[in-house]
Amino acid sequence: MKVTFTAPGKLAKKQTYTPDKIKEYEKLVRERFLEETQNSRFAEDALLEIYITVLAKMPKGATPEEQARMFNGRANNAKTPDLNKITKIVCEALEGVAYKDTVQITKVSAIKAWNVYPSVWVTIEGEERKSDENT
């Protein structure tokens, strides 16, 4: 099974405690996954690969030339958001919904780029749960 979905919006960083803004985004990630799969999930013993693309909003003060470089991938995003933290938020948000446990994830690939509209694109690949498996 291969599932791809997009969670729109800017994502704040996760801290020691989980702010309401992060809880809301985690809920959005779960909802978008469930919409895309129509409540399917991966097998409890499936080995999973997750690919995450984080599209950060271009800075307001960027000139048209800078924006063109950013949009075409010629300007790296070495600023926020923190790619590692976003990956953790997405993977943990899907635990218990898309898959049983994050330990099933054997491969993670994540990149970040600039865009006009911030969002997170997620693709998960693995074996689909059989209909006779327990929920």
# chains A, B, ... in the order shown; residues from 1 in each chain; ligands from 1
>>> select_by_dssp(residues="chain A", states="strand (DSSP E or B)", output="mmCIF file with all heavy atoms, in the first residue's frame")
data_model
loop_
_atom_site.group_PDB
_atom_site.id
_atom_site.type_symbol
_atom_site.label_atom_id
_atom_site.label_comp_id
_atom_site.auth_asym_id
_atom_site.auth_seq_id
_atom_site.Cartn_x
_atom_site.Cartn_y
_atom_site.Cartn_z
ATOM 1 N N LYS A 2 0.505 2.217 -0.744
ATOM 2 C CA LYS A 2 1.217 3.487 -0.776
ATOM 3 C C LYS A 2 0.190 4.595 -0.564
ATOM 4 O O LYS A 2 -0.818 4.657 -1.252
ATOM 5 C CB LYS A 2 1.917 3.668 -2.121
ATOM 6 C CG LYS A 2 2.683 4.966 -2.239
ATOM 7 C CD LYS A 2 3.402 5.020 -3.577
ATOM 8 C CE LYS A 2 4.189 6.300 -3.719
ATOM 9 N NZ LYS A 2 4.928 6.327 -4.997
ATOM 10 N N VAL A 3 0.453 5.456 0.404
ATOM 11 C CA VAL A 3 -0.464 6.547 0.735
ATOM 12 C C VAL A 3 0.298 7.864 0.640
ATOM 13 O O VAL A 3 1.392 7.990 1.195
ATOM 14 C CB VAL A 3 -1.027 6.395 2.173
ATOM 15 C CG1 VAL A 3 -1.932 7.557 2.526
ATOM 16 C CG2 VAL A 3 -1.735 5.076 2.330
ATOM 17 N N THR A 4 -0.289 8.828 -0.055
ATOM 18 C CA THR A 4 0.283 10.165 -0.140
ATOM 19 C C THR A 4 -0.787 11.172 0.244
ATOM 20 O O THR A 4 -1.923 11.084 -0.231
ATOM 21 C CB THR A 4 0.792 10.456 -1.565
ATOM 22 O OG1 THR A 4 1.801 9.496 -1.891
ATOM 23 C CG2 THR A 4 1.377 11.850 -1.682
ATOM 24 N N PHE A 5 -0.432 12.111 1.116
ATOM 25 C CA PHE A 5 -1.371 13.161 1.502
ATOM 26 C C PHE A 5 -0.618 14.428 1.841
ATOM 27 O O PHE A 5 0.590 14.410 2.051
ATOM 28 C CB PHE A 5 -2.260 12.712 2.678
ATOM 29 C CG PHE A 5 -1.512 12.460 3.951
ATOM 30 C CD1 PHE A 5 -1.405 13.461 4.909
ATOM 31 C CD2 PHE A 5 -0.918 11.230 4.197
ATOM 32 C CE1 PHE A 5 -0.713 13.226 6.093
ATOM 33 C CE2 PHE A 5 -0.235 10.985 5.373
ATOM 34 C CZ PHE A 5 -0.132 11.985 6.327
ATOM 35 N N THR A 6 -1.346 15.534 1.887
ATOM 36 C CA THR A 6 -0.768 16.832 2.208
ATOM 37 C C THR A 6 -1.473 17.413 3.416
ATOM 38 O O THR A 6 -2.693 17.378 3.509
ATOM 39 C CB THR A 6 -0.930 17.804 1.018
ATOM 40 O OG1 THR A 6 -0.325 17.222 -0.131
ATOM 41 C CG2 THR A 6 -0.291 19.143 1.305
ATOM 42 N N ALA A 7 -0.691 17.961 4.339
ATOM 43 C CA ALA A 7 -1.239 18.686 5.493
ATOM 44 C C ALA A 7 -0.840 20.148 5.312
ATOM 45 O O ALA A 7 0.341 20.478 5.409
ATOM 46 C CB ALA A 7 -0.689 18.125 6.791
ATOM 47 N N PRO A 8 -1.790 21.010 4.995
ATOM 48 C CA PRO A 8 -1.459 22.411 4.741
ATOM 49 C C PRO A 8 -1.155 23.180 6.015
ATOM 50 O O PRO A 8 -1.524 22.760 7.107
ATOM 51 C CB PRO A 8 -2.733 22.944 4.078
ATOM 52 C CG PRO A 8 -3.824 22.107 4.645
ATOM 53 C CD PRO A 8 -3.211 20.745 4.871
ATOM 54 N N PHE A 42 -1.815 0.443 7.893
ATOM 55 C CA PHE A 42 -0.775 -0.520 7.552
ATOM 56 C C PHE A 42 -0.803 -1.684 8.520
ATOM 57 O O PHE A 42 -1.249 -1.550 9.666
ATOM 58 C CB PHE A 42 0.597 0.165 7.577
ATOM 59 C CG PHE A 42 0.752 1.165 6.469
ATOM 60 C CD1 PHE A 42 0.451 2.504 6.680
ATOM 61 C CD2 PHE A 42 1.168 0.771 5.209
ATOM 62 C CE1 PHE A 42 0.571 3.435 5.653
ATOM 63 C CE2 PHE A 42 1.289 1.687 4.173
ATOM 64 C CZ PHE A 42 0.991 3.018 4.398
ATOM 65 N N LEU A 48 7.866 0.018 7.269
ATOM 66 C CA LEU A 48 7.377 1.213 6.588
ATOM 67 C C LEU A 48 8.497 2.136 6.149
ATOM 68 O O LEU A 48 9.521 2.266 6.826
ATOM 69 C CB LEU A 48 6.441 1.983 7.520
ATOM 70 C CG LEU A 48 5.263 1.200 8.092
ATOM 71 C CD1 LEU A 48 4.539 2.037 9.114
ATOM 72 C CD2 LEU A 48 4.325 0.764 6.980
ATOM 73 N N GLU A 49 8.253 2.784 5.026
ATOM 74 C CA GLU A 49 9.127 3.839 4.536
ATOM 75 C C GLU A 49 8.295 5.117 4.487
ATOM 76 O O GLU A 49 7.173 5.104 3.983
ATOM 77 C CB GLU A 49 9.658 3.507 3.148
ATOM 78 C CG GLU A 49 10.523 2.269 3.134
ATOM 79 C CD GLU A 49 11.069 1.944 1.751
ATOM 80 O OE1 GLU A 49 10.863 2.742 0.809
ATOM 81 O OE2 GLU A 49 11.707 0.886 1.618
ATOM 82 N N ILE A 50 8.837 6.212 5.015
ATOM 83 C CA ILE A 50 8.120 7.487 5.036
ATOM 84 C C ILE A 50 8.966 8.540 4.339
ATOM 85 O O ILE A 50 10.161 8.662 4.607
ATOM 86 C CB ILE A 50 7.785 7.927 6.471
ATOM 87 C CG1 ILE A 50 6.833 6.926 7.114
ATOM 88 C CG2 ILE A 50 7.192 9.330 6.484
ATOM 89 C CD1 ILE A 50 6.330 7.317 8.478
ATOM 90 N N TYR A 51 8.319 9.262 3.440
ATOM 91 C CA TYR A 51 8.958 10.344 2.702
ATOM 92 C C TYR A 51 8.215 11.632 3.035
ATOM 93 O O TYR A 51 6.997 11.702 2.872
ATOM 94 C CB TYR A 51 8.904 10.067 1.199
ATOM 95 C CG TYR A 51 9.517 8.734 0.847
ATOM 96 C CD1 TYR A 51 8.742 7.572 0.826
ATOM 97 C CD2 TYR A 51 10.875 8.627 0.589
ATOM 98 C CE1 TYR A 51 9.314 6.343 0.539
ATOM 99 C CE2 TYR A 51 11.449 7.395 0.293
ATOM 100 C CZ TYR A 51 10.657 6.260 0.270
ATOM 101 O OH TYR A 51 11.231 5.046 -0.008
ATOM 102 N N ILE A 52 8.924 12.621 3.534
ATOM 103 C CA ILE A 52 8.299 13.865 3.978
ATOM 104 C C ILE A 52 8.947 15.037 3.240
ATOM 105 O O ILE A 52 10.168 15.148 3.195
ATOM 106 C CB ILE A 52 8.455 14.051 5.500
ATOM 107 C CG1 ILE A 52 7.767 12.892 6.239
ATOM 108 C CG2 ILE A 52 7.906 15.399 5.951
ATOM 109 C CD1 ILE A 52 8.026 12.867 7.725
ATOM 110 N N THR A 53 8.101 15.884 2.680
ATOM 111 C CA THR A 53 8.569 17.123 2.060
ATOM 112 C C THR A 53 7.922 18.278 2.805
ATOM 113 O O THR A 53 6.697 18.365 2.876
ATOM 114 C CB THR A 53 8.185 17.196 0.570
ATOM 115 O OG1 THR A 53 8.747 16.073 -0.110
ATOM 116 C CG2 THR A 53 8.695 18.482 -0.062
ATOM 117 N N VAL A 54 8.741 19.127 3.380
ATOM 118 C CA VAL A 54 8.259 20.289 4.116
ATOM 119 C C VAL A 54 8.427 21.513 3.218
ATOM 120 O O VAL A 54 9.536 21.826 2.798
ATOM 121 C CB VAL A 54 9.051 20.493 5.425
ATOM 122 C CG1 VAL A 54 8.581 21.734 6.159
ATOM 123 C CG2 VAL A 54 8.945 19.264 6.302
ATOM 124 N N LEU A 55 7.325 22.158 2.915
ATOM 125 C CA LEU A 55 7.363 23.377 2.121
ATOM 126 C C LEU A 55 7.160 24.559 3.050
ATOM 127 O O LEU A 55 6.072 24.767 3.579
ATOM 128 C CB LEU A 55 6.294 23.342 1.025
ATOM 129 C CG LEU A 55 6.451 22.203 0.013
ATOM 130 C CD1 LEU A 55 5.286 22.193 -0.966
ATOM 131 C CD2 LEU A 55 7.777 22.308 -0.713
ATOM 132 N N ALA A 56 8.228 25.306 3.270
ATOM 133 C CA ALA A 56 8.191 26.461 4.162
ATOM 134 C C ALA A 56 7.788 27.700 3.377
ATOM 135 O O ALA A 56 8.143 27.842 2.207
ATOM 136 C CB ALA A 56 9.554 26.666 4.806
ATOM 137 N N LYS A 57 7.070 28.593 4.021
ATOM 138 C CA LYS A 57 6.638 29.829 3.380
ATOM 139 C C LYS A 57 7.850 30.735 3.132
ATOM 140 O O LYS A 57 8.690 30.915 4.001
ATOM 141 C CB LYS A 57 5.618 30.552 4.236
ATOM 142 C CG LYS A 57 5.013 31.764 3.556
ATOM 143 C CD LYS A 57 3.876 32.327 4.385
ATOM 144 C CE LYS A 57 3.307 33.552 3.753
ATOM 145 N NZ LYS A 57 2.259 33.291 2.811
ATOM 146 N N GLU A 95 1.090 7.517 14.623
ATOM 147 C CA GLU A 95 1.178 6.307 15.438
ATOM 148 C C GLU A 95 -0.204 5.965 15.992
ATOM 149 O O GLU A 95 -0.909 6.827 16.518
ATOM 150 C CB GLU A 95 2.164 6.518 16.588
ATOM 151 C CG GLU A 95 2.431 5.261 17.388
ATOM 152 C CD GLU A 95 3.542 5.475 18.397
ATOM 153 O OE1 GLU A 95 3.412 6.411 19.215
ATOM 154 O OE2 GLU A 95 4.511 4.718 18.365
ATOM 155 N N TYR A 99 -0.319 3.307 11.528
ATOM 156 C CA TYR A 99 0.431 2.108 11.883
ATOM 157 C C TYR A 99 0.396 1.948 13.391
ATOM 158 O O TYR A 99 0.058 2.877 14.120
ATOM 159 C CB TYR A 99 1.877 2.182 11.376
ATOM 160 C CG TYR A 99 2.497 3.552 11.505
ATOM 161 C CD1 TYR A 99 2.998 4.022 12.711
ATOM 162 C CD2 TYR A 99 2.559 4.403 10.401
ATOM 163 C CE1 TYR A 99 3.556 5.289 12.819
ATOM 164 C CE2 TYR A 99 3.115 5.668 10.496
ATOM 165 C CZ TYR A 99 3.608 6.104 11.705
ATOM 166 O OH TYR A 99 4.149 7.357 11.814
ATOM 167 N N ILE A 105 8.853 1.937 11.365
ATOM 168 C CA ILE A 105 9.468 2.782 10.335
ATOM 169 C C ILE A 105 10.936 2.383 10.202
ATOM 170 O O ILE A 105 11.713 2.496 11.145
ATOM 171 C CB ILE A 105 9.334 4.265 10.701
ATOM 172 C CG1 ILE A 105 7.854 4.649 10.834
ATOM 173 C CG2 ILE A 105 10.028 5.136 9.648
ATOM 174 C CD1 ILE A 105 7.623 6.011 11.435
ATOM 175 N N THR A 106 11.297 1.933 9.011
ATOM 176 C CA THR A 106 12.668 1.497 8.756
ATOM 177 C C THR A 106 13.431 2.464 7.868
ATOM 178 O O THR A 106 14.647 2.361 7.751
ATOM 179 C CB THR A 106 12.684 0.104 8.103
ATOM 180 O OG1 THR A 106 11.983 0.163 6.855
ATOM 181 C CG2 THR A 106 12.044 -0.934 9.013
ATOM 182 N N LYS A 107 12.721 3.372 7.231
ATOM 183 C CA LYS A 107 13.384 4.342 6.357
ATOM 184 C C LYS A 107 12.613 5.650 6.395
ATOM 185 O O LYS A 107 11.391 5.664 6.282
ATOM 186 C CB LYS A 107 13.435 3.819 4.922
ATOM 187 C CG LYS A 107 14.123 4.765 3.958
ATOM 188 C CD LYS A 107 14.167 4.181 2.557
ATOM 189 C CE LYS A 107 14.871 5.117 1.608
ATOM 190 N NZ LYS A 107 14.901 4.551 0.247
ATOM 191 N N VAL A 108 13.354 6.741 6.586
ATOM 192 C CA VAL A 108 12.764 8.076 6.558
ATOM 193 C C VAL A 108 13.586 8.927 5.602
ATOM 194 O O VAL A 108 14.811 8.943 5.676
ATOM 195 C CB VAL A 108 12.769 8.742 7.955
ATOM 196 C CG1 VAL A 108 12.247 10.171 7.874
ATOM 197 C CG2 VAL A 108 11.950 7.938 8.940
ATOM 198 N N SER A 109 12.903 9.608 4.720
ATOM 199 C CA SER A 109 13.561 10.550 3.822
ATOM 200 C C SER A 109 12.803 11.861 3.968
ATOM 201 O O SER A 109 11.576 11.895 3.825
ATOM 202 C CB SER A 109 13.503 10.055 2.379
ATOM 203 O OG SER A 109 14.056 11.008 1.513
ATOM 204 N N ALA A 110 13.512 12.926 4.281
ATOM 205 C CA ALA A 110 12.849 14.215 4.488
ATOM 206 C C ALA A 110 13.661 15.330 3.843
ATOM 207 O O ALA A 110 14.886 15.341 3.918
ATOM 208 C CB ALA A 110 12.682 14.480 5.983
ATOM 209 N N ILE A 111 12.943 16.237 3.203
ATOM 210 C CA ILE A 111 13.572 17.414 2.607
ATOM 211 C C ILE A 111 12.717 18.625 2.923
ATOM 212 O O ILE A 111 11.540 18.500 3.259
ATOM 213 C CB ILE A 111 13.748 17.289 1.075
ATOM 214 C CG1 ILE A 111 12.381 17.151 0.383
ATOM 215 C CG2 ILE A 111 14.670 16.151 0.715
ATOM 216 C CD1 ILE A 111 12.459 17.248 -1.128
ATOM 217 N N LYS A 112 13.322 19.805 2.819
ATOM 218 C CA LYS A 112 12.527 21.017 2.962
ATOM 219 C C LYS A 112 12.891 21.957 1.825
ATOM 220 O O LYS A 112 14.007 21.961 1.324
ATOM 221 C CB LYS A 112 12.682 21.669 4.322
ATOM 222 C CG LYS A 112 14.052 22.175 4.671
ATOM 223 C CD LYS A 112 14.030 22.796 6.071
ATOM 224 C CE LYS A 112 15.424 23.183 6.506
ATOM 225 N NZ LYS A 112 15.418 23.853 7.799
ATOM 226 N N ALA A 113 11.902 22.713 1.433
ATOM 227 C CA ALA A 113 12.054 23.645 0.329
ATOM 228 C C ALA A 113 11.166 24.849 0.596
ATOM 229 O O ALA A 113 10.420 24.886 1.570
ATOM 230 C CB ALA A 113 11.660 22.959 -0.983
ATOM 231 N N TRP A 114 11.262 25.820 -0.266
ATOM 232 C CA TRP A 114 10.447 27.027 -0.139
ATOM 233 C C TRP A 114 9.220 26.921 -1.034
ATOM 234 O O TRP A 114 9.255 26.290 -2.080
ATOM 235 C CB TRP A 114 11.246 28.250 -0.582
ATOM 236 C CG TRP A 114 12.455 28.535 0.234
ATOM 237 C CD1 TRP A 114 13.758 28.287 -0.106
ATOM 238 C CD2 TRP A 114 12.496 29.133 1.530
ATOM 239 N NE1 TRP A 114 14.608 28.683 0.892
ATOM 240 C CE2 TRP A 114 13.854 29.224 1.908
ATOM 241 C CE3 TRP A 114 11.527 29.602 2.406
ATOM 242 C CZ2 TRP A 114 14.268 29.764 3.123
ATOM 243 C CZ3 TRP A 114 11.941 30.135 3.611
ATOM 244 C CH2 TRP A 114 13.285 30.219 3.960
ATOM 245 N N ASN A 115 8.147 27.586 -0.622
ATOM 246 C CA ASN A 115 6.942 27.654 -1.442
ATOM 247 C C ASN A 115 6.128 28.855 -0.993
ATOM 248 O O ASN A 115 6.358 29.410 0.075
ATOM 249 C CB ASN A 115 6.121 26.369 -1.313
ATOM 250 C CG ASN A 115 5.198 26.148 -2.475
ATOM 251 O OD1 ASN A 115 4.406 27.009 -2.831
ATOM 252 N ND2 ASN A 115 5.293 24.982 -3.088
ATOM 253 N N SER A 119 3.231 23.840 3.667
ATOM 254 C CA SER A 119 2.535 22.564 3.831
ATOM 255 C C SER A 119 3.552 21.468 4.064
ATOM 256 O O SER A 119 4.756 21.672 3.935
ATOM 257 C CB SER A 119 1.685 22.243 2.589
ATOM 258 O OG SER A 119 2.512 22.139 1.442
ATOM 259 N N VAL A 120 3.040 20.300 4.420
ATOM 260 C CA VAL A 120 3.874 19.116 4.590
ATOM 261 C C VAL A 120 3.258 18.019 3.734
ATOM 262 O O VAL A 120 2.067 17.725 3.858
ATOM 263 C CB VAL A 120 3.942 18.671 6.071
ATOM 264 C CG1 VAL A 120 4.740 17.389 6.214
ATOM 265 C CG2 VAL A 120 4.537 19.777 6.939
ATOM 266 N N TRP A 121 4.046 17.452 2.846
ATOM 267 C CA TRP A 121 3.612 16.342 1.997
ATOM 268 C C TRP A 121 4.189 15.063 2.570
ATOM 269 O O TRP A 121 5.371 14.998 2.899
ATOM 270 C CB TRP A 121 4.092 16.516 0.573
ATOM 271 C CG TRP A 121 3.526 17.711 -0.138
ATOM 272 C CD1 TRP A 121 2.769 18.717 0.393
ATOM 273 C CD2 TRP A 121 3.689 18.031 -1.512
ATOM 274 N NE1 TRP A 121 2.462 19.638 -0.579
ATOM 275 C CE2 TRP A 121 3.014 19.245 -1.755
ATOM 276 C CE3 TRP A 121 4.364 17.424 -2.570
ATOM 277 C CZ2 TRP A 121 2.970 19.846 -2.999
ATOM 278 C CZ3 TRP A 121 4.317 18.026 -3.816
ATOM 279 C CH2 TRP A 121 3.620 19.216 -4.027
ATOM 280 N N VAL A 122 3.353 14.036 2.683
ATOM 281 C CA VAL A 122 3.778 12.784 3.287
ATOM 282 C C VAL A 122 3.410 11.618 2.373
ATOM 283 O O VAL A 122 2.292 11.557 1.868
ATOM 284 C CB VAL A 122 3.091 12.581 4.669
ATOM 285 C CG1 VAL A 122 3.536 11.275 5.312
ATOM 286 C CG2 VAL A 122 3.353 13.764 5.587
ATOM 287 N N THR A 123 4.363 10.714 2.179
ATOM 288 C CA THR A 123 4.105 9.455 1.486
ATOM 289 C C THR A 123 4.590 8.334 2.397
ATOM 290 O O THR A 123 5.698 8.389 2.917
ATOM 291 C CB THR A 123 4.843 9.374 0.136
ATOM 292 O OG1 THR A 123 4.380 10.424 -0.714
ATOM 293 C CG2 THR A 123 4.616 8.032 -0.551
ATOM 294 N N ILE A 124 3.736 7.325 2.580
ATOM 295 C CA ILE A 124 4.085 6.160 3.401
ATOM 296 C C ILE A 124 3.890 4.920 2.544
ATOM 297 O O ILE A 124 2.857 4.775 1.888
ATOM 298 C CB ILE A 124 3.193 6.045 4.653
ATOM 299 C CG1 ILE A 124 3.157 7.363 5.424
ATOM 300 C CG2 ILE A 124 3.672 4.904 5.551
ATOM 301 C CD1 ILE A 124 2.132 7.381 6.534
ATOM 302 N N GLU A 125 4.869 4.041 2.577
ATOM 303 C CA GLU A 125 4.775 2.786 1.844
ATOM 304 C C GLU A 125 4.973 1.619 2.792
ATOM 305 O O GLU A 125 5.844 1.661 3.668
ATOM 306 C CB GLU A 125 5.842 2.722 0.745
ATOM 307 C CG GLU A 125 5.639 3.742 -0.347
ATOM 308 C CD GLU A 125 6.662 3.625 -1.450
ATOM 309 O OE1 GLU A 125 7.202 2.511 -1.667
ATOM 310 O OE2 GLU A 125 6.933 4.636 -2.107
ATOM 311 N N GLU A 128 -0.375 -3.321 3.538
ATOM 312 C CA GLU A 128 -1.681 -2.951 4.077
ATOM 313 C C GLU A 128 -2.170 -4.013 5.052
ATOM 314 O O GLU A 128 -1.885 -5.207 4.893
ATOM 315 C CB GLU A 128 -2.687 -2.811 2.933
ATOM 316 C CG GLU A 128 -4.049 -2.325 3.387
ATOM 317 C CD GLU A 128 -4.977 -2.048 2.208
ATOM 318 O OE1 GLU A 128 -4.580 -2.262 1.061
ATOM 319 O OE2 GLU A 128 -6.109 -1.614 2.469
#
>>> residues_around(residues="region 87-92 of chain A", least_positions_apart="6", cutoff="7 Å", atoms="only C-alpha atoms", output="JSON, numbers by chain")
{"A": [26, 29, 102]}
>>> closest_residue(among="A:Lys27, A:Arg32, A:Arg41, A:Lys60", to="Lys130 (chain A)", atoms="only C-alpha atoms")
A:Arg41
>>> residues_around(residues="Gly126 (chain A)", least_positions_apart="4", cutoff="6 Å", atoms="only C-alpha atoms", output="count of residues only")
4
>>> residues_around(residues="Met58 (chain A)", least_positions_apart="2", cutoff="12 Å", atoms="only C-alpha atoms", output="list in words")
Lys10, Leu55, Ala56, Lys60, Gly61, Ala62, Thr63, Pro64, Glu66, Gln67, Ala68, Arg69, Met70, Phe71, Gly73, Ala75, Asn76, Asn77, Lys79, Thr80, Pro81, Lys112, Ala113, Trp114, Asn115, Val116, Tyr117, Pro118 and Ser119 of chain A
>>> write_last_selection(atoms="N, CA, C and O atoms", output="short mmCIF file (atom, residue, chain, number, x, y, z; two decimals), in the first residue's frame")
data_model
loop_
_atom_site.label_atom_id
_atom_site.label_comp_id
_atom_site.auth_asym_id
_atom_site.auth_seq_id
_atom_site.Cartn_x
_atom_site.Cartn_y
_atom_site.Cartn_z
N LYS A 10 1.46 26.22 8.24
CA LYS A 10 2.76 26.36 8.89
C LYS A 10 2.78 25.52 10.15
O LYS A 10 1.81 25.47 10.90
N LEU A 55 7.33 22.16 2.92
CA LEU A 55 7.36 23.38 2.12
C LEU A 55 7.16 24.56 3.05
O LEU A 55 6.07 24.77 3.58
N ALA A 56 8.23 25.31 3.27
CA ALA A 56 8.19 26.46 4.16
C ALA A 56 7.79 27.70 3.38
O ALA A 56 8.14 27.84 2.21
N LYS A 60 8.65 37.13 3.75
CA LYS A 60 7.92 38.28 3.18
C LYS A 60 8.84 39.29 2.51
O LYS A 60 8.49 39.88 1.51
N GLY A 61 10.02 39.49 3.07
CA GLY A 61 10.93 40.50 2.55
C GLY A 61 11.77 40.05 1.36
O GLY A 61 12.58 40.83 0.86
N ALA A 62 11.56 38.83 0.88
CA ALA A 62 12.37 38.34 -0.25
C ALA A 62 12.02 39.09 -1.52
O ALA A 62 10.84 39.32 -1.83
N THR A 63 13.04 39.48 -2.26
CA THR A 63 12.82 40.17 -3.54
C THR A 63 12.30 39.15 -4.55
O THR A 63 12.42 37.94 -4.36
N PRO A 64 11.71 39.62 -5.65
CA PRO A 64 11.25 38.69 -6.69
C PRO A 64 12.36 37.76 -7.19
O PRO A 64 12.12 36.59 -7.45
N GLU A 66 15.01 36.74 -5.40
CA GLU A 66 15.24 35.77 -4.34
C GLU A 66 14.14 34.72 -4.32
O GLU A 66 14.40 33.53 -4.15
N GLN A 67 12.90 35.17 -4.48
CA GLN A 67 11.77 34.23 -4.51
C GLN A 67 11.91 33.25 -5.67
O GLN A 67 11.64 32.05 -5.51
N ALA A 68 12.33 33.73 -6.83
CA ALA A 68 12.52 32.84 -7.99
C ALA A 68 13.59 31.80 -7.69
O ALA A 68 13.43 30.61 -8.01
N ARG A 69 14.71 32.22 -7.06
CA ARG A 69 15.77 31.27 -6.70
C ARG A 69 15.26 30.25 -5.69
O ARG A 69 15.54 29.06 -5.78
N MET A 70 14.48 30.72 -4.71
CA MET A 70 13.93 29.82 -3.69
C MET A 70 12.97 28.82 -4.32
O MET A 70 13.04 27.62 -4.05
N PHE A 71 12.08 29.30 -5.16
CA PHE A 71 11.07 28.44 -5.76
C PHE A 71 11.70 27.41 -6.69
O PHE A 71 11.23 26.29 -6.78
N GLY A 73 14.57 26.04 -6.26
CA GLY A 73 15.46 25.17 -5.51
C GLY A 73 16.92 25.60 -5.53
O GLY A 73 17.81 24.83 -5.19
N ALA A 75 18.05 28.16 -3.80
CA ALA A 75 18.35 28.81 -2.52
C ALA A 75 17.94 27.83 -1.42
O ALA A 75 16.77 27.50 -1.28
N ASN A 76 18.91 27.33 -0.68
CA ASN A 76 18.63 26.37 0.38
C ASN A 76 17.92 27.03 1.55
O ASN A 76 18.11 28.20 1.83
N ASN A 77 17.14 26.23 2.25
CA ASN A 77 16.42 26.71 3.43
C ASN A 77 17.16 26.20 4.66
O ASN A 77 16.93 25.09 5.13
N LYS A 79 16.99 27.74 7.49
CA LYS A 79 16.29 28.38 8.61
C LYS A 79 15.16 27.48 9.06
O LYS A 79 15.09 26.33 8.69
N THR A 80 14.27 28.04 9.85
CA THR A 80 13.14 27.25 10.31
C THR A 80 12.28 26.87 9.11
O THR A 80 12.31 27.55 8.10
N PRO A 81 11.53 25.81 9.18
CA PRO A 81 11.35 24.94 10.33
C PRO A 81 12.45 23.88 10.43
O PRO A 81 13.12 23.58 9.45
N LYS A 112 13.32 19.80 2.82
CA LYS A 112 12.53 21.02 2.96
C LYS A 112 12.89 21.96 1.83
O LYS A 112 14.01 21.96 1.32
N ALA A 113 11.90 22.71 1.43
CA ALA A 113 12.05 23.65 0.33
C ALA A 113 11.17 24.85 0.60
O ALA A 113 10.42 24.89 1.57
N TRP A 114 11.26 25.82 -0.27
CA TRP A 114 10.45 27.03 -0.14
C TRP A 114 9.22 26.92 -1.03
O TRP A 114 9.25 26.29 -2.08
N ASN A 115 8.15 27.59 -0.62
CA ASN A 115 6.94 27.65 -1.44
C ASN A 115 6.13 28.86 -0.99
O ASN A 115 6.36 29.41 0.07
N VAL A 116 5.16 29.22 -1.81
CA VAL A 116 4.27 30.33 -1.46
C VAL A 116 3.32 29.90 -0.34
O VAL A 116 3.01 30.67 0.55
N TYR A 117 2.88 28.64 -0.40
CA TYR A 117 1.94 28.11 0.59
C TYR A 117 2.63 27.03 1.42
O TYR A 117 3.04 26.00 0.89
N PRO A 118 2.77 27.25 2.71
CA PRO A 118 3.43 26.24 3.55
C PRO A 118 2.57 24.98 3.68
O PRO A 118 1.34 25.06 3.76
N SER A 119 3.23 23.84 3.67
CA SER A 119 2.53 22.56 3.83
C SER A 119 3.55 21.47 4.06
O SER A 119 4.76 21.67 3.94
#
